[in-house]
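Single-structure report; data block below.
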Amino acid sequence: MASSSSTSLPLHICHGNKLTTIINRSHAVLHSIAISFLIYYRTSFLFHQPTPIIIPWLLLFTSELILSFIWFLGRAYIWRPVYRTVFPERLPNDDKLPAIDVFICTTGPDKEPTIGVMNTLLSAMALDYPPDKLHVYLSDDGGYAITLHAMRESWSFARWWLPFCRRFGIKTRCPEAYFSRTENRDSDSENPHNFMVEREKIKEQYVLFKERVRRAGEESKFKDKGVYTASDHPSCIEVMEENSKEGLLEDQIIEMPLLVYVSREKRTSQFHHFKAGAVNVLLRVSAMLSNSPYILMLDCDMYCNDPTSARQAMCFHFDPEMSPSLAFVQFPQAFRDIRENDIYDSEVRSAYTILWPGLDGLKGPVLSDIDLRELKDSFGPSNEFINSLRQDYKKPNLNDNGEASNMLLEEAKVLASCSYEDHTKWGKEVGFLYDSVAEDFLTGFVMQCKGWISAYVAPSSSSRPQFLGTSTTNLNDLLTQGIRWGSGLVDVALSRFSPLFYGSSRTSFLHSMGFAELSLFPLLYCLPLWCFATIPPLYLLNGIPLYPEVSDPYFSVFLFIFLSSLSKHLHEVVVTGRPIRKWMNEQRIWMIKSVTCHLYGSLDAILKKFDLRKASFLTTNKVADDEQFKLYREGKFDFRASTIFVAPLVTVMLVNLASIVGGVYRIMFMGADWRKMFGQVLLSFYIILMNYVVIEGMVLRKDKGRIPLYVNVLSIVFSLIFLSLGSIIISI
């Protein structure tokens with residue numbers, strides 16, 4: 001519990017759930033005992049097996065050990081989960097609140113629609129925070145003319161939108177989300193008539209704003225085809241500001257946050273470090289223009305849904321016990337387009353309800369001192385930037401439009417150049433941190449290893465999510481995103497910052513375990529699941545048992561581990577308020593991702609490790625597709641995805657279907673002992689049951705989202721080759 005500096009009431013409280021902790025730890029003990037018996041069985045009987053099945057026996061045993069290891073690492077999350085409640089109304093007066101810089105990054109309008117990005121920007125400008133202490137920066141990594149034009153239009157529209165939100169206490173401060181609501185219960189107005197009249201005026205202005213941006217977007221398709229490209233252009237920095245306040249009455253002057261457009265210099269000859277490189281430029285530029293002590297990072301499609309979110313974070317930064325070592329406050333991502341039947345697990349429930357509260361409960365070491373000597377070697381040659389690091393640095397005034405203001409803007413352009421970090425420790429020692437496409441995960445881990453701590457604040461069931469964004473609602477985008485995430489995480493696992501080794505001596509054992517599980521799970525799930533999806537079915541088809549027979553006591557060990565894992569997952573889903581259908585969806589997506597994007601992401605990371613492939617960054621598509629979203633809303637998979645995603649799924653299903661048919665035929669007509677084959681029959685049946693949607697897409701569906709015929713044919717060929725070659729090898 002933390003105390004406010006001005007009252008005895010706490011600004012935030014931290015609490016756990018004793019019953020959940022007892023259940024988690026008890027299950028961990030029982031499951032560990034069962035795993036010990038499994039290991040004993042496999043090692044004891046390994047060399048008692050006939051020669052033809054030693055290799056599959058070893059493959060299964062290795063897969064079981066890998067799954068046991070990743071499960072063991074994951075116990076860190078359930079050891080001491082904590083939940084936090086904040087009281088922003090207890091913060092001191094506005095004049096005592098610190099300044100905040102808001103960073104928003106976008107790559108280009110093709111996959112990140114300009115109107116959506118501007119809505120995020122407007123919601124940030126409208127935060128319930130003192131306007132003179134709020135500074136919003138947009139990084140346009142492609143240097144697109146439409147983005148700069150849209151920001152100017154957003155600045156003009158904000159002069160209507162911000163006063164409206166403040167006057168009527170609007171809670172939904174993203175214009176698109178607000179005007180798409182059917183009800184008008186989002187204000188504190190005591191005069192409904194005046195409110196509705198004003199609302200219609202603002203809505204009219206918003207429609208005009210969108211139309212101007214749309215027309216500019218059409219025109220820019222021709223104008224942007226000039227000398228510069230998204231990967232080769234100079235730096236551009238523009239501060240949005242009023243032309244003049246002269247002649248305005250006091251009540252006509254609208255308090256506006258600082259709004260800055262930043263496009264860093266990019267050259268084809270320079271490596272630009274993806275999003276992390278853009279954020280580093282924002283850090284340097286903002287140091288010149290506002291130099292706020294706190295930063296709010298937003299995805300370009302993640303708008304501020306609760307205007308008090310910045311104040312909620314301040315509840316921790318004003319805590320004298322936490323503040324000296326508090327690196328960041330993390331909020332969960334919530335999505336406005338999630339359906340009740342979330343077939344793709346786009347909500348990412350386990351991360352935000354299990355993993356993050358679990359990590360939040362694991363305390364790291366105390367804060368270490370930082371040596372700031374040789375600043376130019378570390379932070380580059382800019383004297384102004386180095387001066388901004390000093391505690392007594394005076395915040396610059398950009399409103400005087402004088403020589404000092406122009407000088408700061410010119411210095412900011414230098415700091416946004418692509419060569420500024422060359423020959424500095426910033427460019428050398430921190431290089432891997434932003435070469436990784438999982439830069440957020442890696443940065444947080446390294447900071448905590450250096451002694452910093454963090455806090456995780458999830459909204460209660462009765463409160464608004466702090467931020468809302470768009471999720472992936474089709475299979476192709478989901479798995480493409482999964483490749484990027486998987487590659488980035490395995491990058492970290494294979495690097496010198498691997499949590500298994502780098503974290504073991506720098507943070508607590510459990511804390512290191514949790515981060516290790518996050519970095520390793522794409523690699524350590526894809527290998528075992530491919531094994532379980534192919535080896536047992538192949539040997540079932542050939543009538544060779546790989547598991548104990550039903551009457552053997554050790555069969556109950558395997559069955560217990562199987563049911564224990566499923567029931568624990570089901571318990572986690574239910575206690576977080578989700579239906580049983582959610583459990584089935586998560587099981588299915590876990591299998592689908594493991595045999596597709598996690599495999600490809602892991603291979604990508606391994607190839608990069610051996611310099612066989614260059615790092616790349618695949619931006620998640622945020623353009624809405626009505627037809628795809630219709631299928632998602634109806635609970636139907638959209639199999640119009642890349643063949644490298646769909647063909648493995650169909651092949652696995654065909655292999656397991658063939659094994660079930662062949663295995664049952666052997667039992668019924670060829671005298672095979674069902675008790676010896678039951679384990680493999682159960683496994684194949686479970687795979688088919690959980691992934692029934694693939695069979696639907698293959699033969700039952702007639703809509704556009706079905707699996708294409710050529711993919712079915714290709715998968716049949718793959719499965720026949722695998723089963724034929726496998727059977728030949730077994731018979732030798």
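Here, A, B, ... name the chains of the structure tokens in the order displayed, residue numbers run from 1 inside each chain, and ligands are numbered from 1 in the same displayed order.
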Running DSSP on the backbone, which parts of region 168-372 of chain A land in helix (DSSP H, G or I), as a ChimeraX atom specification? /A:168,175-179,192-223,250-252,274-289,309-317,323-325,349-360
Could you pull the residues within 12 Å of region 451-454 of chain A, counting only C-alpha atoms, minus those fewer than 2 positions along the same chain, as a PyMOL selection string? chain A and resi 313+316-317+321-331+356-357+359-370+443-449+456-457+503+505-508+511
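Using only C-alpha atoms, the smallest distance between any of A:Glu64, A:Phe157, A:Ile55, A:Asn406 and Ser36 (chain A) comes from A:Glu64.
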For Ala34 (chain A), please output as a PyMOL selection string all residues within 7 Å (counting only C-alpha atoms; exclusion window: fewer than 3 positions along the same chain). chain A and resi 30-31+37-38+557+561
Write the residues of the selection above to a file with N, CA and C atoms, as a compact mmCIF listing (two decimals), in the first residue's frame.
```
# COMPACT_ATOMS: atom_id res chain seq x y z
N LEU A 30 1.18 -31.16 -7.79
CA LEU A 30 0.63 -32.43 -8.28
C LEU A 30 1.09 -32.71 -9.71
N HIS A 31 1.08 -31.69 -10.54
CA HIS A 31 1.49 -31.87 -11.93
C HIS A 31 2.98 -32.22 -12.00
N PHE A 37 6.93 -39.06 -12.61
CA PHE A 37 6.61 -40.46 -12.94
C PHE A 37 6.73 -40.71 -14.44
N LEU A 38 6.32 -39.74 -15.26
CA LEU A 38 6.44 -39.90 -16.71
C LEU A 38 7.91 -40.04 -17.11
N VAL A 557 -0.78 -42.09 -15.51
CA VAL A 557 0.12 -40.94 -15.38
C VAL A 557 -0.02 -40.04 -16.60
N ILE A 561 -1.68 -36.19 -16.66
CA ILE A 561 -0.98 -35.00 -17.16
C ILE A 561 -1.80 -34.31 -18.25
```
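Neighbours of Tyr554 (chain A) closer than or equal to 12 Å, with only C-alpha atoms counted and sequence neighbours fewer than 2 positions away skipped, come out as Ala34, Ile35, Ser36, Phe37, Leu38, Ile39, Tyr40, Tyr41, Arg42, Ser44, Phe45, Tyr547, Pro548, Glu549, Val550, Ser551, Asp552, Ser556, Val557, Phe558, Leu559, Phe560, Ile561 and Gly679 of chain A.
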I need the chosen residues saved as a short mmCIF file (atom, residue, chain, number, x, y, z; two decimals), in the first residue's frame, with C-alpha atoms.
```
data_model
loop_
_atom_site.label_atom_id
_atom_site.label_comp_id
_atom_site.auth_asym_id
_atom_site.auth_seq_id
_atom_site.Cartn_x
_atom_site.Cartn_y
_atom_site.Cartn_z
CA ALA A 34 3.06 -36.72 -12.40
CA ILE A 35 5.80 -35.42 -14.72
CA SER A 36 8.41 -37.12 -12.51
CA PHE A 37 6.61 -40.46 -12.94
CA LEU A 38 6.44 -39.90 -16.71
CA ILE A 39 10.19 -39.24 -16.88
CA TYR A 40 10.86 -42.35 -14.77
CA TYR A 41 8.69 -44.47 -17.08
CA ARG A 42 10.33 -43.23 -20.28
CA SER A 44 13.25 -47.03 -17.40
CA PHE A 45 11.70 -48.61 -20.47
CA TYR A 547 2.11 -45.30 -24.96
CA PRO A 548 1.37 -47.72 -22.10
CA GLU A 549 -1.70 -49.89 -22.50
CA VAL A 550 -4.83 -48.92 -20.59
CA SER A 551 -4.33 -51.55 -17.87
CA ASP A 552 -0.79 -50.34 -17.14
CA SER A 556 -2.99 -43.16 -15.69
CA VAL A 557 0.12 -40.94 -15.38
CA PHE A 558 -0.11 -39.85 -19.03
CA LEU A 559 -3.89 -39.42 -18.75
CA PHE A 560 -3.53 -37.37 -15.57
CA ILE A 561 -0.98 -35.00 -17.16
CA GLY A 679 -3.52 -43.49 -26.10
#
```
From the options A:Arg267, A:Lys413, A:Arg581, A:Arg706, which residue's atoms come nearest to Arg640 (chain A), counting only C-alpha atoms?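 Smallest separation from Arg640 (chain A) among the options: A:Arg706.
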Just want the 10 Å neighbourhood of Tyr539 (chain A), counted on only C-alpha atoms, with same-chain residues fewer than 2 positions away dropped. Output as a list in words.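 Listed by chain and then number, they are Ile53, Pro56, Thr534, Ile535, Pro536, Pro537, Leu541, Asn542, Gly543, Ile544, Pro545, Leu546, Ser659, Gly663, Met677, Gln680, Leu723, Gly726, Ser727 and Ile730 of chain A.
Near region 568-574 of chain A, within a cut-off of 10 Å and counting only C-alpha atoms, sit the residues A:Thr20, A:Ile23, A:Asn24, A:His27, A:Ala28, A:Arg349, A:Ser350, A:Thr353, A:Ile354, A:Ile580, A:Arg581, A:Lys582, A:Trp583, A:Met584, A:Glu586, A:Gln587, with same-chain residues fewer than 6 positions away left out.
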Only N, CA, C and O atoms, please: the residues just picked out, written as a PDB file, in the first residue's frame.
```pdb
ATOM      1  N   THR A  20      -6.887 -18.346  -5.284  1.00  0.00           N
ATOM      2  CA  THR A  20      -6.290 -18.633  -6.591  1.00  0.00           C
ATOM      3  C   THR A  20      -4.834 -19.056  -6.448  1.00  0.00           C
ATOM      4  O   THR A  20      -4.380 -19.995  -7.125  1.00  0.00           O
ATOM      5  N   ILE A  23      -4.704 -22.663  -5.194  1.00  0.00           N
ATOM      6  CA  ILE A  23      -5.048 -23.597  -6.279  1.00  0.00           C
ATOM      7  C   ILE A  23      -3.886 -23.723  -7.252  1.00  0.00           C
ATOM      8  O   ILE A  23      -3.519 -24.840  -7.671  1.00  0.00           O
ATOM      9  N   ASN A  24      -3.285 -22.597  -7.619  1.00  0.00           N
ATOM     10  CA  ASN A  24      -2.171 -22.611  -8.573  1.00  0.00           C
ATOM     11  C   ASN A  24      -0.993 -23.419  -8.051  1.00  0.00           C
ATOM     12  O   ASN A  24      -0.417 -24.248  -8.771  1.00  0.00           O
ATOM     13  N   HIS A  27      -1.815 -27.227  -7.727  1.00  0.00           N
ATOM     14  CA  HIS A  27      -1.784 -27.876  -9.041  1.00  0.00           C
ATOM     15  C   HIS A  27      -0.355 -28.061  -9.527  1.00  0.00           C
ATOM     16  O   HIS A  27      -0.013 -29.112 -10.105  1.00  0.00           O
ATOM     17  N   ALA A  28       0.494 -27.056  -9.315  1.00  0.00           N
ATOM     18  CA  ALA A  28       1.890 -27.148  -9.749  1.00  0.00           C
ATOM     19  C   ALA A  28       2.594 -28.327  -9.085  1.00  0.00           C
ATOM     20  O   ALA A  28       3.362 -29.054  -9.730  1.00  0.00           O
ATOM     21  N   ARG A 349      -6.143 -13.156 -24.183  1.00  0.00           N
ATOM     22  CA  ARG A 349      -6.598 -13.176 -22.790  1.00  0.00           C
ATOM     23  C   ARG A 349      -5.517 -13.588 -21.809  1.00  0.00           C
ATOM     24  O   ARG A 349      -5.327 -12.950 -20.759  1.00  0.00           O
ATOM     25  N   SER A 350      -4.790 -14.656 -22.124  1.00  0.00           N
ATOM     26  CA  SER A 350      -3.839 -15.204 -21.149  1.00  0.00           C
ATOM     27  C   SER A 350      -2.750 -14.200 -20.790  1.00  0.00           C
ATOM     28  O   SER A 350      -2.310 -14.124 -19.639  1.00  0.00           O
ATOM     29  N   THR A 353      -4.445 -11.287 -18.498  1.00  0.00           N
ATOM     30  CA  THR A 353      -5.122 -11.677 -17.257  1.00  0.00           C
ATOM     31  C   THR A 353      -4.317 -12.660 -16.412  1.00  0.00           C
ATOM     32  O   THR A 353      -4.596 -12.810 -15.225  1.00  0.00           O
ATOM     33  N   ILE A 354      -3.334 -13.325 -16.996  1.00  0.00           N
ATOM     34  CA  ILE A 354      -2.544 -14.311 -16.247  1.00  0.00           C
ATOM     35  C   ILE A 354      -1.061 -13.927 -16.202  1.00  0.00           C
ATOM     36  O   ILE A 354      -0.472 -13.782 -15.129  1.00  0.00           O
ATOM     37  N   ILE A 580     -16.801 -21.321 -21.630  1.00  0.00           N
ATOM     38  CA  ILE A 580     -16.046 -22.526 -21.979  1.00  0.00           C
ATOM     39  C   ILE A 580     -15.640 -22.502 -23.452  1.00  0.00           C
ATOM     40  O   ILE A 580     -14.576 -23.004 -23.825  1.00  0.00           O
ATOM     41  N   ARG A 581     -16.473 -21.905 -24.288  1.00  0.00           N
ATOM     42  CA  ARG A 581     -16.147 -21.796 -25.713  1.00  0.00           C
ATOM     43  C   ARG A 581     -14.810 -21.078 -25.920  1.00  0.00           C
ATOM     44  O   ARG A 581     -14.063 -21.380 -26.852  1.00  0.00           O
ATOM     45  N   LYS A 582     -14.512 -20.132 -25.031  1.00  0.00           N
ATOM     46  CA  LYS A 582     -13.242 -19.413 -25.114  1.00  0.00           C
ATOM     47  C   LYS A 582     -12.072 -20.375 -24.909  1.00  0.00           C
ATOM     48  O   LYS A 582     -11.027 -20.255 -25.568  1.00  0.00           O
ATOM     49  N   TRP A 583     -12.246 -21.325 -24.008  1.00  0.00           N
ATOM     50  CA  TRP A 583     -11.205 -22.339 -23.748  1.00  0.00           C
ATOM     51  C   TRP A 583     -10.928 -23.146 -25.013  1.00  0.00           C
ATOM     52  O   TRP A 583      -9.766 -23.381 -25.369  1.00  0.00           O
ATOM     53  N   MET A 584     -11.972 -23.559 -25.692  1.00  0.00           N
ATOM     54  CA  MET A 584     -11.793 -24.337 -26.923  1.00  0.00           C
ATOM     55  C   MET A 584     -11.116 -23.501 -28.002  1.00  0.00           C
ATOM     56  O   MET A 584     -10.230 -23.986 -28.711  1.00  0.00           O
ATOM     57  N   GLU A 586      -9.031 -21.023 -27.573  1.00  0.00           N
ATOM     58  CA  GLU A 586      -7.623 -20.827 -27.228  1.00  0.00           C
ATOM     59  C   GLU A 586      -6.813 -22.097 -27.462  1.00  0.00           C
ATOM     60  O   GLU A 586      -5.662 -22.035 -27.914  1.00  0.00           O
ATOM     61  N   GLN A 587      -7.393 -23.261 -27.158  1.00  0.00           N
ATOM     62  CA  GLN A 587      -6.702 -24.518 -27.440  1.00  0.00           C
ATOM     63  C   GLN A 587      -6.431 -24.667 -28.933  1.00  0.00           C
ATOM     64  O   GLN A 587      -5.338 -25.047 -29.354  1.00  0.00           O
TER      65      GLN A 587
END
```
Can you tell me which residues surround Thr473 (chain A) at a distance of at most 10 Å, considering only C-alpha atoms, apart from same-chain residues fewer than 6 positions away, and format the answer as a list in words?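 Listing them by chain and then by number gives Asp337, Ile338, Arg339, Asp342, Ile343, Tyr344, Asp345, Ser346, Lys622, Ala624, Asp625, Gln628, Phe629, Lys630, Leu631, Tyr632, Arg633, Phe637 and Asp638 of chain A.
Counting only C-alpha atoms and comparing A:Val699, A:Leu494, A:Ile483, A:Ala416, the residue that lies closest to Asn712 (chain A) is A:Val699.
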